[in-house]
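Beneath this line is the structure, given in structure tokens, with notes to follow.
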Amino acid sequence: MSAIFFSSNTEPECKEEIHSILDIPTEALGEKYLGLPTAIGRSMDGVFDFIGDRIRNSVNGWGERQMSCAAREVLLKSVAQSIPTYSMSCFKLPAKLCQRITSYISNYWWGSSIDNHKIHWLKWSKLTKSKGDGGMGFREMKLFNQALLGKQGWRLMSNLESLCSKVMKGKYYPNSDFLNATRRKRSTVTWRSILHGRDILKGGLIKRVGTSSSIDAWSDNWIPGTVSMKPIVRLDMATAVTVADLITEQTRLWDVDKLKENMSVMDVEAVLKIKLSSHPMEDLNAWAFERNGVYSVRSAYKLLKDIQMSEADYAEGGTACSEGLGQWWRHLWKMKIPPKVRIFWWRAIHSFLPAKAVLLRRHVSKEGHCHDCGHSSETIFHTMFECSYAHRFWECIKEMTGLKPPRLHLTHG
Ligand SMILES: [Zn+2]
């Protein structure tokens, strides 16, 4: 059965007329339609609280304590994290709600319960790093939200003939295209959400060189395989305006002399890798982070996460020393051992176990010595290999299996 939804500003006569033209007598005024709120004012306060409540209820339903951290990880990722996905693909959720969801997920992960405030050993922005980068691969809601909204923008940009594109164009950018539509004050929540997604979309678009006259050589993204996707250096004697100025028209080849006059050797090398067609098409926008040039939420999220992490590294004084650890993490996650044991070792390597010396360093405990053998510093290494208990454990293992612990030279605690 069809139904019509009118804005609250619609005059009764107008409603009447539309009802009779379309021959649809029913008005749909449910609070929600397809799971989303139907009428959202300019303020989003409280509109999406139902998402937080649903996550809270579902996580609370899993009960406390019986589950291993590996099981909690699976449940959080497959159930709790996916509850807001549909709403997030249409609306930019309020920051407060994202925080609320995040705290439910991290409280449950670290403490087996939403309301249990156990130690969060790793801050959320790092827990959401991929497993290969030393995190647990949880989702940063705010960033995932933006990546999902970018998809809406991609659709508006690439399906110009769809009804939705036509309506949006008629209303918001009748005289330009989607990428150049201006941001107006007091626009609807829907439009603001789409523009929020457009920010990441713009960051990852690259022009595929065709006729090349529409590409600004200096401000557009057009050089694949480089970080900036545009020339890094513009030489003083540069004369090129568009990319077409760098191509010999008759032969449809890169004009190497011209390139060298305009940009650095490194840029020239990167440009020469772009193949030129002898029958050029229009310059097309493509998504730089997928081989097929089509926007994907996955790659956009990764881009956002990488940007977030590099900004954090920069703010912390550029400690990019975790580089070499990547292969160790990947090795750990591939090991054929029970998932909870993998997570145990993830914690051990990160020093996320409550050994006394660790707690002392984190100001949780006032003393750091080992209660079992009296050693002055109970580090994780001490409890696993040095302590009298550990020695007995390894002796038993040796008797049973013939295995010896590897000789380790660790100094950190
Ligand atoms: Zn000890």
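Chains: A, B, ... in order of the structure tokens. Residues: from 1 per chain. Ligands: from 1, in order shown.
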(message) Could you list, as a PyMOL selection string, all residues that come within 9 Å of ligand 1? Count only C-alpha atoms and all ligand atoms.
(response) chain A and resi 369-379+382-383+386-390
Take the residues just selected and output them with C-alpha atoms as a compact mmCIF listing (two decimals), in the first residue's frame.
```
# COMPACT_ATOMS: atom_id res chain seq x y z
CA HIS A 369 57.67 -5.84 43.76
CA CYS A 370 56.71 -9.49 43.23
CA HIS A 371 54.68 -11.00 46.05
CA ASP A 372 55.64 -14.54 45.16
CA CYS A 373 59.42 -14.38 45.08
CA GLY A 374 60.14 -10.92 46.44
CA HIS A 375 61.82 -9.69 43.24
CA SER A 376 61.95 -5.90 43.24
CA SER A 377 60.06 -5.43 39.99
CA GLU A 378 57.19 -7.66 38.89
CA THR A 379 57.21 -6.97 35.16
CA HIS A 382 59.22 -11.51 35.22
CA THR A 383 55.87 -13.25 35.76
CA GLU A 386 61.75 -15.24 35.73
CA CYS A 387 59.52 -15.80 38.73
CA SER A 388 59.80 -19.04 40.73
CA TYR A 389 56.30 -20.05 39.53
CA ALA A 390 57.29 -19.42 35.94
```
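Take the candidates A:Met309, A:Tyr172, A:Pro339, A:Ser296 and check each one against Glu73 of chain A using only C-alpha atoms; the shortest distance goes to A:Pro339.
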(request) Find, counting only C-alpha atoms, the residue in A:Ile247, A:Ala348, A:Cys14, A:Leu332 that gets nearest to Gly132 of chain A. (result) A:Leu332
(request) Return as a list in words the full set of residues in segment 167-200 of chain A whose backbone-based DSSP assignment is alpha helix (DSSP H). (result)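 Everything in segment 167-200 of chain A that counts as alpha helix (DSSP H) is Val167, Met168, Lys169, Gly170, Lys171, Tyr172, Val189, Thr190, Trp191, Arg192, Ser193, Ile194, Leu195, His196, Gly197, Arg198, Asp199 and Ile200 of chain A.
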(request) Just the residues within 12 Å of Arg184 of chain A, please, counting only C-alpha atoms, with nothing from its chain fewer than 3 positions along; format it as a list in words. (result)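 What passes the distance filter is Lys171, Tyr172, Tyr173, Ala181, Ser187, Thr188, Val189, Trp191, Arg192 and Leu195 of chain A.
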(request) Write out as a PyMOL selection string which residues come within 12 Å of Trp110 of chain A when counting only C-alpha atoms, dropping same-chain ones fewer than 2 positions away. (result) chain A and resi 64-65+67-70+72-73+76+103-108+112-124+127+136+343+347+352-353
(request) Could you pull out the residues in segment 144-257 of chain A that DSSP calls strand (DSSP E or B) from the backbone, as a list of chain:residue names? (result)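 The strand (DSSP E or B) residues within segment 144-257 of chain A come out as A:Leu205, A:Ile206, A:Lys207, A:Arg208, A:Asp216, A:Arg234, A:Thr242, A:Ile247, A:Thr248, A:Leu253, A:Trp254.
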Got time to write the residues from that selection, N, CA and C atoms, as an mmCIF file, in the first residue's frame?
```
data_model
loop_
_atom_site.group_PDB
_atom_site.id
_atom_site.type_symbol
_atom_site.label_atom_id
_atom_site.label_comp_id
_atom_site.auth_asym_id
_atom_site.auth_seq_id
_atom_site.Cartn_x
_atom_site.Cartn_y
_atom_site.Cartn_z
ATOM 1 N N LEU A 205 39.261 11.803 -4.300
ATOM 2 C CA LEU A 205 38.971 11.761 -5.742
ATOM 3 C C LEU A 205 40.221 12.112 -6.536
ATOM 4 N N ILE A 206 40.345 11.465 -7.661
ATOM 5 C CA ILE A 206 41.470 11.769 -8.533
ATOM 6 C C ILE A 206 40.927 11.884 -9.944
ATOM 7 N N LYS A 207 41.455 12.845 -10.694
ATOM 8 C CA LYS A 207 41.002 13.003 -12.082
ATOM 9 C C LYS A 207 41.740 12.003 -12.952
ATOM 10 N N ARG A 208 40.981 11.229 -13.719
ATOM 11 C CA ARG A 208 41.611 10.365 -14.711
ATOM 12 C C ARG A 208 41.848 11.214 -15.950
ATOM 13 N N ASP A 216 43.069 21.217 -13.427
ATOM 14 C CA ASP A 216 44.027 22.223 -12.972
ATOM 15 C C ASP A 216 45.291 21.481 -12.544
ATOM 16 N N ARG A 234 56.051 23.398 -7.606
ATOM 17 C CA ARG A 234 55.747 24.172 -8.802
ATOM 18 C C ARG A 234 56.941 25.087 -9.036
ATOM 19 N N THR A 242 46.557 24.137 -17.089
ATOM 20 C CA THR A 242 45.872 22.859 -17.006
ATOM 21 C C THR A 242 46.837 21.757 -17.437
ATOM 22 N N ILE A 247 50.905 18.335 -22.478
ATOM 23 C CA ILE A 247 50.780 17.260 -23.459
ATOM 24 C C ILE A 247 50.955 17.835 -24.866
ATOM 25 N N THR A 248 51.707 17.129 -25.696
ATOM 26 C CA THR A 248 51.848 17.567 -27.083
ATOM 27 C C THR A 248 50.580 17.176 -27.829
ATOM 28 N N LEU A 253 51.371 12.759 -26.580
ATOM 29 C CA LEU A 253 52.373 12.235 -25.652
ATOM 30 C C LEU A 253 52.727 13.331 -24.646
ATOM 31 N N TRP A 254 53.266 12.898 -23.506
ATOM 32 C CA TRP A 254 53.703 13.901 -22.532
ATOM 33 C C TRP A 254 54.835 14.728 -23.132
#
```
(message) as a list in words, please: the residues near Lys258 of chain A (cut-off 12 Å, only C-alpha atoms, same-chain neighbours under 3 positions excluded).
(response) Leu235, Met237, Ala238, Thr239, Ala240, Val241, Val243, Ala244, Asp245, Leu246, Ile247, Thr248, Leu253, Trp254, Asp255, Glu261, Asn262, Met263, Ser264, Val265, Val268 and Val271 of chain A
(request) Please provide the set of residues having any atom within 7 Å of segment 154-169 of chain A, restricted to only C-alpha atoms, with same-chain residues fewer than 4 positions apart removed, written as a list in words. (result)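 Counting only C-alpha atoms, the residues come to Gly150, Tyr173, Pro174, Phe178 and Tyr295 of chain A.
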(request) Could you give me, as a PyMOL selection string, the residues within 10 Å of Val364 of chain A, counting only C-alpha atoms and dropping anything in the same chain fewer than 6 positions from it? (result) chain A and resi 119+354+356-358
(message) Which residue is closest to Lys230 of chain A? Choose from A:Ala286, A:Ile215, A:Asp45, A:Ala95 and count only C-alpha atoms.
(response)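 Ranking A:Ala286, A:Ile215, A:Asp45, A:Ala95 by distance to Lys230 of chain A, first place goes to A:Ile215.
If only C-alpha atoms are the atoms counted, then among A:Ala355, A:Val209, A:Phe289, A:Leu201 the closest residue to Val227 of chain A is A:Phe289.
If you look at atom CA of Val47 of chain A and atom CA of Pro84 of chain A, they are 13.0 Å away from each other.
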(message) Using only C-alpha atoms for the distances, tell me which of A:Phe6, A:Asp23, A:Ala71, A:Leu148 is nearest to Pro338 of chain A.
(response)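 Closest to Pro338 of chain A of all the choices is A:Ala71.
Between atom CA of Lys273 of chain A and atom CA of Leu304 of chain A there is a distance of 26.9 Å.
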(message) Report, in Å to a single decimal, how far apart atom CA of Trp218 of chain A and atom CA of Asn180 of chain A are.
(response) 17.7 Å
